[in-house]
Amino acid sequence: MKHDRILLDHGSGGRASHELIASLFLPQFDNEFLREMNDSAVMTIGGTKLAFSTDSYVVDPIFFPGGDIGSLAIHGTVNDLAMRGARPLYLSVGFIIEEGLPMADLKAIAGSMKNAAAEAGVVIATGDTKVVPKGATDKVFINTAGIGIIDPDVNISGQNARPGDKIILSGTIADHGITILTCREGLRFDAPLKSDSAPLNTLVAEMLAASRKINVLRDPTRGGLGTSLNEIAGQSRVGIRVHEETIPVRPEVQAACELLGIDPLYLANEGKLIACAAAQDAEKLIDIMHKNPYGRDACIIGEVISDHPGKVFMKTIIGGNRIVDMLTGEPLPRIC
């Protein structure tokens, strides 16, 4: 380990987070499920293929344009299950609440979770509540875990990208990250910014109904698109080439990123997915995605290549080539 204390970098979802998991947690907990480093573990119990996932939410502020910590917690775990091709079914919810939190805020968060669960078609089947003294936490933290069922012929994993696959992105990037940043800093822009937090399980189900030649799904949350592409390239031991001009960024998001000196490639998304799919089915998938409200801006942004395994390259708008590395440092803590 490079450090003798935990830094904010270790929670960034980027290189420091991966090093922490690989050097500290994996040696302690090593098993076939964790070793895959996917969004959720896949296991077969009694002949049924299940996906199982957990995540914790500490976003600051707890209310933001486009959502709040409650809906974000539901969407996050639903999406982690969907990224293995699972149909999410049941969730658990654990609250750690700071003494003094207004009851009206907690009621609003619970109501938001109820609505998010209803939209995703999942049941909150169990939960836990803890209250800690003022200052022992910051307002409220939420943990969610979930299970879902995977069809026997679906095999989606970060290890499955193959040379020739097309890389599909479901929509614009950086909406969540830049919204949290500007909200936290009190910055205002002419065009309002809004988080993209959303459940993607219906979109994934429609994609799988159209094609079973989807090899990888990944929601580019912490660390953004750039880090997620590096994770896929490393897990599958392939190269990835993307084209800058095809990656959609809303004009207002691009303007805010330029003003703040932040690369949108590394900002979090909470309602987008990356898919690596066989080239012959890519256009069919795009057509299907365009019919879903959460995939209407879907496009092909690149391809998987056999050269340079573990590396991600970007063909820039001006015709150059840029190496897209994994996020280093922590540009924005407590993003989700």
# chains A, B, ... in the order shown; residues from 1 in each chain; ligands from 1
call {"tool": "residues_around", "arguments": {"residues": "stretch 173-180 of chain A", "least_positions_apart": "5", "cutoff": "10 Å", "atoms": "only C-alpha atoms", "output": "ChimeraX atom specification"}}
result
/A:59-67,185-187,192-197,220-225,247-250,252-254,256-257,260,262-273,331-332,334-336
call {"tool": "select_by_dssp", "arguments": {"residues": "stretch 142-323 of chain A", "states": "alpha helix (DSSP H)", "output": "PyMOL selection string"}}
result
chain A and resi 175-185+201-210+224-236+251-260+279-290
call {"tool": "closest_residue", "arguments": {"among": "A:Leu89, A:Ala104, A:Leu327, A:Ile318", "to": "A:Ala118", "atoms": "only C-alpha atoms"}}
result
A:Leu89
call {"tool": "select_by_dssp", "arguments": {"residues": "stretch 168-320 of chain A", "states": "strand (DSSP E)", "output": "compact mmCIF listing (two decimals) with C-alpha atoms, in the first residue's frame"}}
result
# COMPACT_ATOMS: atom_id res chain seq x y z
CA ILE A 168 -22.82 1.46 -27.47
CA LEU A 169 -23.52 4.36 -25.10
CA ILE A 214 -24.62 -8.44 -25.70
CA ASN A 215 -21.34 -9.38 -24.05
CA VAL A 216 -20.77 -6.54 -21.55
CA LEU A 217 -23.01 -4.03 -19.79
CA ARG A 218 -21.63 -1.39 -17.44
CA GLY A 239 -8.10 -2.78 -26.50
CA ILE A 240 -10.86 -0.20 -26.90
CA ARG A 241 -11.03 2.62 -29.45
CA VAL A 242 -13.65 5.37 -29.17
CA HIS A 243 -14.36 8.39 -31.32
CA ILE A 274 -22.22 1.09 -21.91
CA ALA A 275 -22.80 -2.08 -23.96
CA CYS A 276 -20.28 -4.17 -25.89
CA ALA A 277 -22.30 -6.09 -28.47
CA CYS A 299 -25.26 5.73 -30.26
CA ILE A 300 -22.22 3.71 -31.22
CA ILE A 301 -19.08 5.37 -29.86
CA GLY A 302 -16.36 2.91 -30.79
CA GLU A 303 -15.23 -0.69 -31.03
CA VAL A 304 -13.29 -3.37 -29.23
CA ILE A 305 -9.91 -4.13 -30.81
CA VAL A 312 -8.34 2.75 -24.24
CA PHE A 313 -7.72 5.14 -27.13
CA MET A 314 -9.76 8.07 -28.35
CA LYS A 315 -9.74 9.46 -31.87
call {"tool": "atom_distance", "arguments": {"atom1": "atom CA of A:Ile142", "atom2": "atom CA of A:Gly94"}}
result
5.6 Å
call {"tool": "residues_around", "arguments": {"residues": "A:Glu19", "least_positions_apart": "3", "cutoff": "12 Å", "atoms": "only C-alpha atoms", "output": "NGL selection string"}}
result
:A and (1-3 or 6 or 9-16 or 22-27 or 326 or 328)
call {"tool": "atom_distance", "arguments": {"atom1": "atom CA of A:Glu283", "atom2": "atom CA of A:Val324"}}
result
25.4 Å
call {"tool": "residues_around", "arguments": {"residues": "A:Gly111", "least_positions_apart": "5", "cutoff": "12 Å", "atoms": "only C-alpha atoms", "output": "PyMOL selection string"}}
result
chain A and resi 67-71+74+104-106+116-118
call {"tool": "write_last_selection", "arguments": {"atoms": "all heavy atoms", "output": "mmCIF file, in the first residue's frame"}}
result
data_model
loop_
_atom_site.group_PDB
_atom_site.id
_atom_site.type_symbol
_atom_site.label_atom_id
_atom_site.label_comp_id
_atom_site.auth_asym_id
_atom_site.auth_seq_id
_atom_site.Cartn_x
_atom_site.Cartn_y
_atom_site.Cartn_z
ATOM 1 N N GLY A 67 -33.369 14.411 -8.645
ATOM 2 C CA GLY A 67 -33.471 13.285 -7.722
ATOM 3 C C GLY A 67 -33.046 13.635 -6.321
ATOM 4 O O GLY A 67 -32.923 14.805 -5.959
ATOM 5 N N ASP A 68 -32.839 12.607 -5.524
ATOM 6 C CA ASP A 68 -32.335 12.749 -4.160
ATOM 7 C C ASP A 68 -31.642 11.451 -3.777
ATOM 8 O O ASP A 68 -31.598 10.501 -4.568
ATOM 9 C CB ASP A 68 -33.464 13.105 -3.183
ATOM 10 C CG ASP A 68 -34.581 12.078 -3.185
ATOM 11 O OD1 ASP A 68 -34.279 10.871 -3.139
ATOM 12 O OD2 ASP A 68 -35.761 12.485 -3.234
ATOM 13 N N ILE A 69 -31.108 11.415 -2.561
ATOM 14 C CA ILE A 69 -30.328 10.244 -2.147
ATOM 15 C C ILE A 69 -31.184 8.968 -2.138
ATOM 16 O O ILE A 69 -30.666 7.864 -2.367
ATOM 17 C CB ILE A 69 -29.681 10.494 -0.767
ATOM 18 C CG1 ILE A 69 -28.658 9.403 -0.444
ATOM 19 C CG2 ILE A 69 -30.719 10.639 0.316
ATOM 20 C CD1 ILE A 69 -27.836 9.695 0.798
ATOM 21 N N GLY A 70 -32.492 9.115 -1.925
ATOM 22 C CA GLY A 70 -33.365 7.944 -1.884
ATOM 23 C C GLY A 70 -33.557 7.304 -3.247
ATOM 24 O O GLY A 70 -33.333 6.103 -3.433
ATOM 25 N N SER A 71 -33.972 8.103 -4.230
ATOM 26 C CA SER A 71 -34.162 7.549 -5.584
ATOM 27 C C SER A 71 -32.838 7.071 -6.157
ATOM 28 O O SER A 71 -32.766 6.037 -6.849
ATOM 29 C CB SER A 71 -34.803 8.592 -6.502
ATOM 30 O OG SER A 71 -34.028 9.781 -6.549
ATOM 31 N N ILE A 74 -32.079 3.539 -4.900
ATOM 32 C CA ILE A 74 -32.863 2.507 -5.596
ATOM 33 C C ILE A 74 -32.323 2.304 -7.010
ATOM 34 O O ILE A 74 -32.063 1.171 -7.446
ATOM 35 C CB ILE A 74 -34.350 2.914 -5.654
ATOM 36 C CG1 ILE A 74 -34.915 3.054 -4.236
ATOM 37 C CG2 ILE A 74 -35.138 1.890 -6.472
ATOM 38 C CD1 ILE A 74 -34.930 1.787 -3.424
ATOM 39 N N ALA A 104 -39.317 15.888 7.949
ATOM 40 C CA ALA A 104 -39.867 16.143 6.610
ATOM 41 C C ALA A 104 -38.895 15.690 5.515
ATOM 42 O O ALA A 104 -39.318 15.188 4.470
ATOM 43 C CB ALA A 104 -40.176 17.634 6.446
ATOM 44 N N ASP A 105 -37.585 15.863 5.761
ATOM 45 C CA ASP A 105 -36.595 15.411 4.772
ATOM 46 C C ASP A 105 -36.609 13.895 4.648
ATOM 47 O O ASP A 105 -36.557 13.349 3.544
ATOM 48 C CB ASP A 105 -35.188 15.881 5.180
ATOM 49 C CG ASP A 105 -34.984 17.374 4.956
ATOM 50 O OD1 ASP A 105 -35.921 18.021 4.436
ATOM 51 O OD2 ASP A 105 -33.904 17.882 5.306
ATOM 52 N N LEU A 106 -36.663 13.204 5.795
ATOM 53 C CA LEU A 106 -36.661 11.743 5.760
ATOM 54 C C LEU A 106 -37.925 11.217 5.086
ATOM 55 O O LEU A 106 -37.881 10.251 4.323
ATOM 56 C CB LEU A 106 -36.546 11.185 7.186
ATOM 57 C CG LEU A 106 -36.308 9.686 7.289
ATOM 58 C CD1 LEU A 106 -35.041 9.273 6.544
ATOM 59 C CD2 LEU A 106 -36.233 9.257 8.751
ATOM 60 N N ALA A 116 -39.456 5.355 -6.857
ATOM 61 C CA ALA A 116 -38.397 4.772 -7.695
ATOM 62 C C ALA A 116 -38.533 3.261 -7.763
ATOM 63 O O ALA A 116 -38.341 2.650 -8.824
ATOM 64 C CB ALA A 116 -37.025 5.163 -7.132
ATOM 65 N N ALA A 117 -38.866 2.634 -6.626
ATOM 66 C CA ALA A 117 -39.038 1.183 -6.609
ATOM 67 C C ALA A 117 -40.230 0.773 -7.466
ATOM 68 O O ALA A 117 -40.174 -0.242 -8.187
ATOM 69 C CB ALA A 117 -39.218 0.695 -5.174
ATOM 70 N N ALA A 118 -41.301 1.563 -7.413
ATOM 71 C CA ALA A 118 -42.483 1.242 -8.220
ATOM 72 C C ALA A 118 -42.152 1.331 -9.710
ATOM 73 O O ALA A 118 -42.561 0.470 -10.505
ATOM 74 C CB ALA A 118 -43.622 2.196 -7.862
#
call {"tool": "residues_around", "arguments": {"residues": "A:Gln235", "least_positions_apart": "2", "cutoff": "12 Å", "atoms": "only C-alpha atoms", "output": "PyMOL selection string"}}
result
chain A and resi 35-38+157-162+216+228-233+237-240+309-311
call {"tool": "closest_residue", "arguments": {"among": "A:Ala198, A:Val204, A:Ile97, A:Val131", "to": "A:Leu81", "atoms": "only C-alpha atoms"}}
result
A:Val204
